[in-house]
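*Asks:* Below you'll find work17.cif; it's mmCIF, C-alpha atoms.
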```cif
data_target
#
loop_
_atom_site.label_atom_id
_atom_site.label_comp_id
_atom_site.auth_asym_id
_atom_site.auth_seq_id
_atom_site.Cartn_x
_atom_site.Cartn_y
_atom_site.Cartn_z
CA MET A 1 51.63 19.07 -0.11
CA ILE A 2 48.55 17.32 -1.43
CA GLY A 3 50.64 14.33 -2.38
CA LYS A 4 51.91 14.05 1.12
CA LEU A 5 48.44 13.76 2.73
CA THR A 6 48.22 10.81 4.98
CA ARG A 7 45.31 8.37 4.94
CA ARG A 8 44.22 9.81 8.30
CA SER A 9 44.20 13.35 6.86
CA VAL A 10 42.06 12.31 3.91
CA ILE A 11 39.52 10.72 6.23
CA ALA A 12 39.49 13.85 8.40
CA LEU A 13 38.91 16.13 5.41
CA ALA A 14 36.10 13.91 4.16
CA ALA A 15 34.43 14.04 7.54
CA LEU A 16 34.77 17.82 7.62
CA SER A 17 33.21 18.11 4.18
CA ALA A 18 30.31 15.89 5.22
CA THR A 19 29.53 18.03 8.24
CA ALA A 20 29.64 21.14 6.10
CA MET A 21 26.99 19.76 3.70
CA PRO A 22 23.51 21.22 4.29
CA SER A 23 21.09 18.81 6.02
CA PHE A 24 17.54 18.39 4.67
CA ALA A 25 15.16 19.85 7.24
CA THR A 26 11.66 18.51 7.76
CA GLU A 27 9.14 20.89 6.20
CA THR A 28 6.32 22.03 8.51
CA ILE A 29 2.85 22.44 7.02
CA LYS A 30 0.13 24.27 8.89
CA ALA A 31 -3.33 22.69 8.99
CA VAL A 32 -6.41 24.29 10.54
CA VAL A 33 -9.06 21.68 11.40
CA ILE A 34 -12.64 22.84 12.06
CA ASP A 35 -15.89 21.44 13.34
CA GLY A 36 -18.72 23.31 15.00
CA TYR A 37 -19.37 20.48 17.46
CA PRO A 38 -17.52 20.47 20.79
CA ALA A 39 -14.31 18.56 21.45
CA ARG A 40 -16.22 16.04 23.60
CA ALA A 41 -18.29 14.83 20.62
CA MET A 42 -17.02 11.33 19.86
CA TRP A 43 -15.92 11.88 16.26
CA VAL A 44 -14.12 15.12 17.18
CA LYS A 45 -12.39 13.45 20.12
CA GLU A 46 -11.28 10.60 17.87
CA PHE A 47 -10.00 13.05 15.27
CA THR A 48 -7.75 14.46 17.98
CA ASN A 49 -6.79 11.13 19.50
CA PHE A 50 -6.58 8.95 16.37
CA PHE A 51 -6.51 10.84 13.06
CA ILE A 52 -3.88 13.43 13.98
CA PRO A 53 -1.43 11.08 15.75
CA GLU A 54 -1.76 8.55 12.91
CA VAL A 55 -0.94 11.19 10.28
CA ASP A 56 1.99 12.39 12.40
CA LYS A 57 3.31 8.85 12.78
CA ARG A 58 3.15 8.05 9.08
CA LEU A 59 4.79 11.32 8.05
CA ALA A 60 7.52 10.88 10.66
CA GLU A 61 8.46 7.51 9.16
CA LYS A 62 9.88 9.33 6.11
CA GLY A 63 10.81 12.52 7.89
CA ASN A 64 10.13 14.88 5.00
CA TYR A 65 7.09 16.66 6.38
CA LYS A 66 5.28 17.33 9.62
CA ILE A 67 2.02 19.12 10.28
CA ASP A 68 1.43 21.96 12.70
CA TRP A 69 -2.17 21.20 13.70
CA GLN A 70 -4.50 23.94 14.83
CA GLU A 71 -7.81 22.50 16.02
CA SER A 72 -10.84 24.78 16.27
CA TYR A 73 -14.03 23.18 17.55
CA GLY A 74 -17.21 24.06 19.37
CA GLY A 75 -18.12 27.16 17.38
CA SER A 76 -14.80 28.98 17.71
CA ILE A 77 -14.71 29.41 13.92
CA VAL A 78 -17.97 27.90 12.64
CA LYS A 79 -21.19 26.47 14.03
CA PRO A 80 -22.10 22.81 13.33
CA LYS A 81 -24.00 23.71 10.16
CA GLY A 82 -21.24 26.02 8.96
CA VAL A 83 -18.37 23.59 8.37
CA LEU A 84 -19.12 23.02 4.68
CA GLU A 85 -19.12 26.76 3.97
CA GLY A 86 -16.15 27.31 6.27
CA VAL A 87 -13.96 24.84 4.42
CA LYS A 88 -15.20 26.18 1.09
CA LEU A 89 -14.09 29.71 2.03
CA GLY A 90 -10.80 28.54 3.54
CA LEU A 91 -11.70 29.35 7.14
CA GLY A 92 -10.48 25.82 7.78
CA ASP A 93 -8.10 23.67 5.76
CA ILE A 94 -9.63 20.37 6.87
CA GLY A 95 -13.20 19.97 8.08
CA ILE A 96 -15.49 17.37 9.57
CA VAL A 97 -18.61 18.15 7.56
CA THR A 98 -21.96 17.04 8.99
CA THR A 99 -23.55 16.16 5.68
CA ILE A 100 -27.14 15.69 6.90
CA PHE A 101 -27.42 19.47 7.15
CA HIS A 102 -26.81 19.90 3.43
CA SER A 103 -29.28 17.71 1.55
CA SER A 104 -29.58 20.20 -1.32
CA LYS A 105 -25.83 20.64 -1.87
CA LEU A 106 -24.81 17.06 -1.04
CA PRO A 107 -27.82 14.97 -2.06
CA SER A 108 -25.92 11.75 -2.71
CA GLN A 109 -24.62 11.74 0.87
CA ALA A 110 -28.15 10.86 2.00
CA LEU A 111 -27.78 7.30 0.67
CA SER A 112 -27.89 5.52 4.03
CA ALA A 113 -30.42 7.98 5.44
CA VAL A 114 -32.97 7.14 2.74
CA THR A 115 -32.58 3.41 3.39
CA PRO A 116 -33.66 2.85 7.01
CA PHE A 117 -34.38 -0.52 8.58
CA ILE A 118 -31.48 -2.30 6.86
CA ALA A 119 -28.26 -2.22 8.90
CA PRO A 120 -27.70 -1.09 12.48
CA ASP A 121 -23.95 -1.81 12.14
CA ALA A 122 -21.93 1.38 11.72
CA ARG A 123 -18.92 -0.51 10.35
CA ALA A 124 -20.85 -2.08 7.48
CA VAL A 125 -22.61 1.17 6.57
CA ALA A 126 -19.43 3.28 6.71
CA LYS A 127 -17.55 0.87 4.46
CA ALA A 128 -20.42 0.53 1.98
CA VAL A 129 -21.04 4.28 1.64
CA ASP A 130 -17.36 5.11 1.29
CA GLU A 131 -16.93 2.42 -1.36
CA ILE A 132 -19.89 3.84 -3.27
CA ALA A 133 -18.28 7.29 -3.08
CA LYS A 134 -15.13 5.95 -4.67
CA GLU A 135 -16.79 3.66 -7.23
CA TYR A 136 -19.16 6.36 -8.51
CA PRO A 137 -18.07 9.99 -9.11
CA THR A 138 -21.23 11.64 -7.77
CA MET A 139 -20.28 12.27 -4.14
CA GLN A 140 -16.84 13.59 -4.99
CA LYS A 141 -18.29 15.91 -7.64
CA GLU A 142 -20.68 17.40 -5.09
CA PHE A 143 -17.78 18.31 -2.82
CA GLU A 144 -15.77 19.64 -5.75
CA ALA A 145 -18.62 22.09 -6.35
CA GLN A 146 -18.03 23.28 -2.79
CA ASN A 147 -14.30 23.82 -3.43
CA GLN A 148 -13.43 20.70 -1.46
CA VAL A 149 -11.69 17.37 -1.89
CA TYR A 150 -13.44 14.32 -0.51
CA LEU A 151 -11.34 12.08 1.75
CA ALA A 152 -13.75 9.64 3.45
CA THR A 153 -17.27 9.34 4.79
CA GLY A 154 -17.75 8.12 8.32
CA VAL A 155 -20.54 6.76 10.50
CA VAL A 156 -20.55 7.98 14.08
CA LEU A 157 -23.64 6.24 15.39
CA ASP A 158 -24.50 2.62 15.89
CA THR A 159 -28.17 3.11 14.95
CA TYR A 160 -30.90 5.68 15.41
CA GLN A 161 -33.38 5.01 18.23
CA VAL A 162 -36.33 7.01 19.55
CA PHE A 163 -35.92 8.73 22.92
CA SER A 164 -39.04 10.00 24.62
CA LYS A 165 -40.45 11.80 27.62
CA GLU A 166 -43.23 9.22 27.98
CA PRO A 167 -43.02 5.45 27.45
CA ILE A 168 -43.57 4.18 23.91
CA ASN A 169 -44.88 0.64 23.62
CA SER A 170 -46.30 0.72 20.10
CA LEU A 171 -46.47 2.82 16.95
CA SER A 172 -49.75 4.28 18.16
CA ASP A 173 -47.89 5.91 21.07
CA LEU A 174 -45.97 8.00 18.53
CA SER A 175 -49.14 9.19 16.80
CA GLY A 176 -49.71 12.91 17.08
CA SER A 177 -46.36 13.52 18.76
CA LYS A 178 -43.60 15.99 17.91
CA VAL A 179 -40.27 14.34 17.10
CA ALA A 180 -36.87 16.00 16.82
CA GLY A 181 -34.62 14.92 13.96
CA ALA A 182 -31.61 16.26 12.09
CA GLY A 183 -32.58 15.98 8.45
CA MET A 184 -33.66 13.13 6.18
CA ASN A 185 -34.66 10.99 9.17
CA LEU A 186 -37.63 13.32 9.66
CA ARG A 187 -39.15 11.59 6.64
CA TYR A 188 -39.30 8.34 8.60
CA LEU A 189 -42.19 9.95 10.45
CA GLU A 190 -44.28 9.78 7.29
CA GLY A 191 -44.84 6.16 8.23
CA LEU A 192 -46.56 7.24 11.45
CA ASP A 193 -49.99 8.71 12.06
CA ASN A 194 -49.90 12.51 12.45
CA ALA A 195 -46.37 12.61 13.90
CA ALA A 196 -44.72 15.98 13.28
CA GLY A 197 -40.99 16.33 12.71
CA VAL A 198 -39.05 19.24 14.21
CA ARG A 199 -35.62 19.91 12.75
CA GLY A 200 -32.74 20.41 15.16
CA GLY A 201 -29.11 19.58 15.81
CA LEU A 202 -27.67 17.16 18.31
CA THR A 203 -26.64 19.97 20.63
CA ASP A 204 -30.24 21.29 20.60
CA PHE A 205 -32.11 18.10 21.51
CA TYR A 206 -31.72 18.35 25.28
CA ASN A 207 -33.32 21.80 25.42
CA MET A 208 -35.96 20.86 22.86
CA LEU A 209 -37.07 17.96 25.04
CA GLN A 210 -36.71 19.85 28.31
CA THR A 211 -38.83 22.79 27.17
CA GLY A 212 -41.53 20.62 25.60
CA LEU A 213 -40.83 21.81 22.07
CA VAL A 214 -40.77 18.10 21.17
CA ASP A 215 -41.99 14.90 22.83
CA ASN A 216 -39.39 12.60 21.28
CA ALA A 217 -36.04 12.70 19.53
CA MET A 218 -34.26 10.40 17.10
CA LEU A 219 -30.62 9.93 18.04
CA TRP A 220 -28.26 7.15 19.07
CA PRO A 221 -27.32 5.81 22.52
CA GLU A 222 -23.74 7.10 22.59
CA ALA A 223 -24.97 10.63 21.90
CA ALA A 224 -27.75 10.19 24.47
CA LYS A 225 -25.09 9.33 27.04
CA THR A 226 -22.77 12.19 26.06
CA PHE A 227 -25.53 14.80 26.11
CA LYS A 228 -27.34 13.41 29.19
CA ILE A 229 -30.59 12.79 27.34
CA ALA A 230 -31.90 10.44 30.07
CA GLU A 231 -32.50 13.52 32.23
CA VAL A 232 -35.16 14.82 29.83
CA ALA A 233 -36.16 11.70 27.88
CA PRO A 234 -36.09 8.68 30.21
CA TYR A 235 -37.50 6.18 27.68
CA MET A 236 -35.79 4.67 24.66
CA LEU A 237 -37.65 2.71 21.99
CA ASN A 238 -35.17 0.20 20.57
CA ALA A 239 -36.38 0.54 16.98
CA ASP A 240 -33.02 0.01 15.19
CA LEU A 241 -33.84 2.53 12.49
CA GLY A 242 -30.36 2.06 11.11
CA ALA A 243 -26.83 3.43 11.11
CA VAL A 244 -26.40 6.54 8.98
CA ASN A 245 -23.33 8.22 7.54
CA SER A 246 -23.27 11.81 8.69
CA LYS A 247 -19.63 12.94 8.79
CA THR A 248 -17.29 13.43 5.85
CA ILE A 249 -13.66 14.52 6.09
CA THR A 250 -12.90 17.09 3.42
CA VAL A 251 -10.02 19.39 2.51
CA ASN A 252 -10.18 22.86 1.01
CA LYS A 253 -9.33 22.45 -2.69
CA ASP A 254 -6.93 25.39 -2.86
CA TYR A 255 -5.09 24.10 0.21
CA TRP A 256 -5.06 20.55 -1.18
CA ASP A 257 -3.53 21.60 -4.50
CA LYS A 258 -0.50 23.01 -2.66
CA LEU A 259 0.15 19.90 -0.57
CA PRO A 260 2.99 17.53 -1.47
CA ASP A 261 1.87 14.19 -2.90
CA GLU A 262 3.32 12.37 0.09
CA VAL A 263 1.11 14.32 2.49
CA LYS A 264 -1.95 13.87 0.27
CA GLU A 265 -1.46 10.11 0.24
CA VAL A 266 -1.12 9.94 4.02
CA LEU A 267 -4.25 12.05 4.55
CA GLN A 268 -6.26 9.85 2.18
CA ASP A 269 -5.09 6.62 3.79
CA VAL A 270 -5.61 7.83 7.35
CA ALA A 271 -9.09 9.13 6.49
CA VAL A 272 -10.12 5.56 5.60
CA ALA A 273 -8.51 4.24 8.78
CA TYR A 274 -10.37 6.93 10.75
CA ARG A 275 -13.62 5.89 9.02
CA ASP A 276 -13.25 2.33 10.25
CA HIS A 277 -11.91 3.36 13.64
CA VAL A 278 -14.80 5.69 14.43
CA ALA A 279 -17.38 3.15 13.27
CA GLY A 280 -15.71 0.58 15.49
CA VAL A 281 -15.75 2.95 18.45
CA ALA A 282 -19.44 3.60 17.84
CA MET A 283 -20.22 -0.10 17.92
CA ASP A 284 -17.93 -0.83 20.88
CA ARG A 285 -19.63 1.91 22.86
CA ALA A 286 -23.16 0.95 21.85
CA GLU A 287 -23.84 -1.54 24.64
CA ALA A 288 -21.95 0.52 27.23
CA SER A 289 -23.98 3.57 26.25
CA ARG A 290 -27.24 1.65 26.64
CA ALA A 291 -26.10 0.52 30.09
CA ALA A 292 -25.14 4.08 31.01
CA TYR A 293 -28.53 5.31 29.83
CA VAL A 294 -30.26 2.83 32.14
CA GLU A 295 -27.94 3.70 35.03
CA SER A 296 -28.90 7.34 34.53
CA GLY A 297 -32.55 6.49 35.02
CA GLY A 298 -33.54 5.54 31.48
CA THR A 299 -35.75 2.62 30.48
CA ILE A 300 -35.29 0.70 27.21
CA VAL A 301 -38.36 -0.72 25.48
CA GLU A 302 -37.84 -3.33 22.75
CA MET A 303 -39.92 -2.70 19.64
CA ASP A 304 -42.05 -5.57 18.36
CA PRO A 305 -40.50 -6.80 15.04
CA ALA A 306 -43.96 -6.80 13.45
CA GLU A 307 -44.46 -3.15 14.37
CA ARG A 308 -41.01 -2.33 13.05
CA ALA A 309 -41.91 -3.99 9.76
CA GLN A 310 -45.20 -2.11 9.71
CA TRP A 311 -43.40 1.20 10.23
CA ALA A 312 -41.14 0.48 7.25
CA ALA A 313 -44.08 -0.65 5.10
CA ASN A 314 -46.06 2.51 5.89
CA MET A 315 -43.27 4.81 4.73
CA PRO A 316 -43.07 6.20 1.21
CA ASN A 317 -40.10 4.73 -0.65
CA ILE A 318 -37.79 7.67 -0.07
CA ALA A 319 -34.86 5.65 -1.42
CA VAL A 320 -36.46 5.32 -4.88
CA GLU A 321 -37.36 9.03 -4.76
CA TRP A 322 -33.72 9.82 -3.94
CA ALA A 323 -32.41 7.63 -6.76
CA ALA A 324 -34.87 9.05 -9.30
CA ASP A 325 -33.89 12.61 -8.42
CA LEU A 326 -30.22 11.85 -9.05
CA ASP A 327 -31.06 9.95 -12.23
CA THR A 328 -32.83 12.99 -13.68
CA LYS A 329 -29.67 15.03 -13.03
CA GLY A 330 -27.61 12.58 -15.04
CA GLU A 331 -26.14 10.87 -11.99
CA PRO A 332 -26.30 7.07 -11.41
CA GLY A 333 -28.71 7.20 -8.48
CA SER A 334 -30.46 3.91 -9.20
CA ASP A 335 -27.16 2.09 -9.71
CA MET A 336 -25.79 3.53 -6.47
CA LEU A 337 -28.87 2.38 -4.55
CA LYS A 338 -28.69 -1.13 -6.00
CA SER A 339 -24.98 -1.39 -5.31
CA TYR A 340 -25.30 -0.08 -1.75
CA THR A 341 -28.10 -2.52 -0.90
CA ALA A 342 -26.10 -5.38 -2.40
CA LYS A 343 -23.04 -4.47 -0.32
CA LEU A 344 -25.06 -4.56 2.90
CA LYS A 345 -26.65 -7.87 1.96
CA GLU A 346 -23.17 -9.27 1.28
CA ALA A 347 -22.18 -8.04 4.75
CA GLY A 348 -25.00 -10.14 6.22
CA HIS A 349 -27.80 -7.59 6.66
CA THR A 350 -31.32 -8.43 5.51
CA PRO A 351 -33.50 -5.37 4.79
CA VAL A 352 -36.79 -5.14 6.66
CA ARG A 353 -37.91 -3.55 3.40
CA ASP A 354 -35.81 -3.88 0.26
CA TRP A 355 -36.03 -0.34 -1.06
CA SER A 356 -33.98 -1.04 -4.20
CA ALA A 357 -36.28 -3.89 -5.25
CA GLU A 358 -38.96 -1.27 -5.95
CA LEU A 359 -36.90 0.58 -8.56
CA THR A 360 -38.60 0.71 -11.94
CA GLN A 361 -35.37 0.84 -13.95
#
```
Turn the structure described in the file into structure tokens.
*Replies:*
Amino acid sequence: MIGKLTRRSVIALAALSATAMPSFATETIKAVVIDGYPARAMWVKEFTNFFIPEVDKRLAEKGNYKIDWQESYGGSIVKPKGVLEGVKLGLGDIGIVTTIFHSSKLPSQALSAVTPFIAPDARAVAKAVDEIAKEYPTMQKEFEAQNQVYLATGVVLDTYQVFSKEPINSLSDLSGSKVAGAGMNLRYLEGLDNAAGVRGGLTDFYNMLQTGLVDNAMLWPEAAKTFKIAEVAPYMLNADLGAVNSKTITVNKDYWDKLPDEVKEVLQDVAVAYRDHVAGVAMDRAEASRAAYVESGGTIVEMDPAERAQWAANMPNIAVEWAADLDTKGEPGSDMLKSYTAKLKEAGHTPVRDWSAELTQ
């Protein structure tokens, strides 16, 4: 019987066998993403519109895995200051950590914050900080201590400016005033006469200004547009204090260890792409945000370059303090500061004050 099989029968049997073979199904992996800021915040919106679709696209090219995304923003799981702890505890698998809230646990993340008056370009700062994080182990070790894996650090603002209830035409106009800030930037006020810093988050600044808790706030034009700051602070001093990294994408370590290598590689690569994308969005929106601020009733005052230089000169060298603190802990703080400054210089940015030049080692 077998010997009498025709060629057509053999082909038919082969086809039947092929259809009976089990197909390899795409494995679905659940991922809970958290941030305490609302979905309208630029970096959150871009996580939804850029990061997630880009990961999906790259995974789909091989077809082995896909991710079931569950996005939880705006305080549904954690508040803005609670993302680091939330990811540590596994309340979220992936988090957008606002690092400026955690200077004691993530001291090295303050690198760009302790070096104001150098670069207002978010793209240059994001690239330089993320390269430092990958060339030196310090930043990654800090996140490891929080049960997290570092993916990439991002910059979501073009540069800090000063928004005020009353017009500011000189440094003396800031003397004796109360200024809202989110962390390390409060130390910039040490270069001003009797200015008092008041700590707060971006979502708090509108009410802080409206109620008179503060007279001024340090934030960036895109955020001023998003949170309607012109309604309560109709004057912006264009001081170009500098772009600052403030968002880091991290993954819960226990969750990460269970991920397939293919998925890990895609997440790492897309995190870098997201870093550059968000910085680009920040810069692209900078001018539009300034225009929107003016259209909403705001007035922009250009700061005299001499006064800007004076502000920087009056400040304590918080960058050297930062480096020395890391050095004493056995971390390469001074080397990181030198390298970071060099990267920004190579990118075409001349420091108003070269903080690293004042290092003693």
*Asks:* Under the rule that all atoms listed in the file are counted, which of A:Asp121, A:Asp35, A:Glu131, A:Asp254 is the nearest residue to Leu151 of chain A?
*Replies:*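 Using all atoms listed in the file, Leu151 of chain A sits closest to A:Glu131.
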*Asks:* Could you name the residues that touch Trp256 of chain A at 8 Å or less, counting only C-alpha atoms, but leaving out those on the same chain fewer than 5 positions away, as a PyMOL selection string?
*Replies:* chain A and resi 149+251+264
*Asks:* Expand the PyMOL selection byres ((chain A and resi 213) around 12) into the individual residues it matches in the shown file, reporting them as number ranges by chain.
*Replies:* A: 165, 177-180, 196-200, 204-212, 214-217, 232
*Asks:* Which residue is closest to Glu46 of chain A? Choose from A:Ala230, A:Val156, A:Ala145, A:Leu174 and count all atoms listed in the file.
*Replies:*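 Among the listed residues, A:Val156 lies closest to Glu46 of chain A.
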*Asks:* Tell me, in Å to one decimal, how far atom CA of Ile29 of chain A is from atom CA of Lys45 of chain A.
*Replies:*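 So the answer is 22.0 Å.
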*Asks:* Residues near Ser103 of chain A, anyone? I mean within 10 Å using only C-alpha atoms, not counting same-chain ones fewer than 6 positions away, as a list in words.
*Replies:* Gln109, Ala110, Gly183 and Met184 of chain A
*Asks:* Export, as a PDB file, keeping the file's coordinate frame, the selected residues with C-alpha atoms.
*Replies:*
```pdb
ATOM      1  CA  GLN A 109     -24.620  11.740   0.870  1.00  0.00           C
ATOM      2  CA  ALA A 110     -28.150  10.860   2.000  1.00  0.00           C
ATOM      3  CA  GLY A 183     -32.580  15.980   8.450  1.00  0.00           C
ATOM      4  CA  MET A 184     -33.660  13.130   6.180  1.00  0.00           C
TER       5      MET A 184
END
```
*Asks:* With all atoms listed in the file as the basis for distance, which of A:Ala31, A:Val244, A:Ala347, A:Val272 is at the shortest distance from Lys66 of chain A?
*Replies:*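 Going through A:Ala31, A:Val244, A:Ala347, A:Val272 one by one, the smallest distance to Lys66 of chain A is for A:Ala31.
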*Asks:* Determine the residue set returned by the PyMOL selection byres ((chain A and resi 124) around 10) for the present structure, and present it as a VMD selection string.
*Replies:* chain A and resid 119 to 123 125 to 129 155 243 276 279 to 280 343 to 349
*Asks:* Using only C-alpha atoms, please write the residues we just selected to a file, as an mmCIF file, in the frame of the given file.
*Replies:*
```cif
data_model
loop_
_atom_site.group_PDB
_atom_site.id
_atom_site.type_symbol
_atom_site.label_atom_id
_atom_site.label_comp_id
_atom_site.auth_asym_id
_atom_site.auth_seq_id
_atom_site.Cartn_x
_atom_site.Cartn_y
_atom_site.Cartn_z
ATOM 1 C CA ALA A 119 -28.260 -2.220 8.900
ATOM 2 C CA PRO A 120 -27.700 -1.090 12.480
ATOM 3 C CA ASP A 121 -23.950 -1.810 12.140
ATOM 4 C CA ALA A 122 -21.930 1.380 11.720
ATOM 5 C CA ARG A 123 -18.920 -0.510 10.350
ATOM 6 C CA VAL A 125 -22.610 1.170 6.570
ATOM 7 C CA ALA A 126 -19.430 3.280 6.710
ATOM 8 C CA LYS A 127 -17.550 0.870 4.460
ATOM 9 C CA ALA A 128 -20.420 0.530 1.980
ATOM 10 C CA VAL A 129 -21.040 4.280 1.640
ATOM 11 C CA VAL A 155 -20.540 6.760 10.500
ATOM 12 C CA ALA A 243 -26.830 3.430 11.110
ATOM 13 C CA ASP A 276 -13.250 2.330 10.250
ATOM 14 C CA ALA A 279 -17.380 3.150 13.270
ATOM 15 C CA GLY A 280 -15.710 0.580 15.490
ATOM 16 C CA LYS A 343 -23.040 -4.470 -0.320
ATOM 17 C CA LEU A 344 -25.060 -4.560 2.900
ATOM 18 C CA LYS A 345 -26.650 -7.870 1.960
ATOM 19 C CA GLU A 346 -23.170 -9.270 1.280
ATOM 20 C CA ALA A 347 -22.180 -8.040 4.750
ATOM 21 C CA GLY A 348 -25.000 -10.140 6.220
ATOM 22 C CA HIS A 349 -27.800 -7.590 6.660
#
```
*Asks:* Pick the closest to Glu61 of chain A from A:Gly297, A:Thr26, A:Asp193, A:Ala323: which is it, counting all atoms listed in the file?
*Replies:*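 That would be A:Thr26, the residue with the smallest distance to Glu61 of chain A.
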*Asks:* Mind giving me the straight-line distance from atom CA of Lys329 of chain A to atom CA of Ser108 of chain A in Å, one decimal?
*Replies:*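 Separation of atom CA of Lys329 of chain A and atom CA of Ser108 of chain A: 11.5 Å.
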*Asks:* In the coordinate frame of the file, compute which residues have an atom within 9 Å of (-40.1, 4.8, 32.9) when using only C-alpha atoms, and state them as number ranges by chain.
*Replies:* A: 165-167, 234-235, 297-300
*Asks:* For Ser170 of chain A, which residue among A:Glu331, A:Leu192, A:Met139, A:Glu71 is the nearest when counting all atoms listed in the file?
*Replies:*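 Of A:Glu331, A:Leu192, A:Met139, A:Glu71, the one nearest Ser170 of chain A is A:Leu192, counting all atoms listed in the file.
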*Asks:* Atom CA of Glu135 of chain A and atom CA of Lys88 of chain A, how far apart in Å?
*Replies:*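 Going from atom CA of Lys88 of chain A over to atom CA of Glu135 of chain A covers 24.1 Å.
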*Asks:* Give me, as a tab-separated table, the closest atom pair and its distance (Å, one decimal) for every residue of segment 99-141 of chain A within a cut-off of 12 Å of segment 304-311 of chain A, counting only C-alpha atoms, rows sorted by chain and rising number.
*Replies:*
```
residue	atom	partner	partner_atom	distance
A:Pro116	CA	A:Trp311	CA	10.4
A:Phe117	CA	A:Arg308	CA	8.2
A:Ile118	CA	A:Ala309	CA	11.0
```
*Asks:* Could you check the closest approach to Asn252 of chain A for each of A:Gln146, A:Thr328, A:Thr98, A:Thr226 and tell me which residue wins, using only C-alpha atoms?
*Replies:*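 Comparing A:Gln146, A:Thr328, A:Thr98, A:Thr226 against Asn252 of chain A, the winner is A:Gln146.
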*Asks:* Quick one: which segment 92-111 of chain A residues come within 12 Å of segment 78-81 of chain A, and what is the nearest atom pair for each with the distance in Å to one decimal, counting all atoms listed in the file, rows ordered by chain and ascending number, as a Markdown table?
*Replies:*
```
| residue | atom | partner | partner_atom | distance |
| --- | --- | --- | --- | --- |
| A:Gly92 | CA | A:Val78 | CA | 9.2 |
| A:Gly95 | CA | A:Val78 | CA | 10.3 |
| A:Ile96 | CA | A:Pro80 | CA | 9.4 |
| A:Val97 | CA | A:Lys81 | CA | 8.2 |
| A:Thr98 | CA | A:Lys81 | CA | 7.1 |
| A:Thr99 | CA | A:Lys81 | CA | 8.8 |
| A:Ile100 | CA | A:Lys81 | CA | 9.2 |
| A:Phe101 | CA | A:Lys81 | CA | 6.2 |
| A:His102 | CA | A:Lys81 | CA | 8.2 |
| A:Ser103 | CA | A:Lys81 | CA | 11.7 |
```
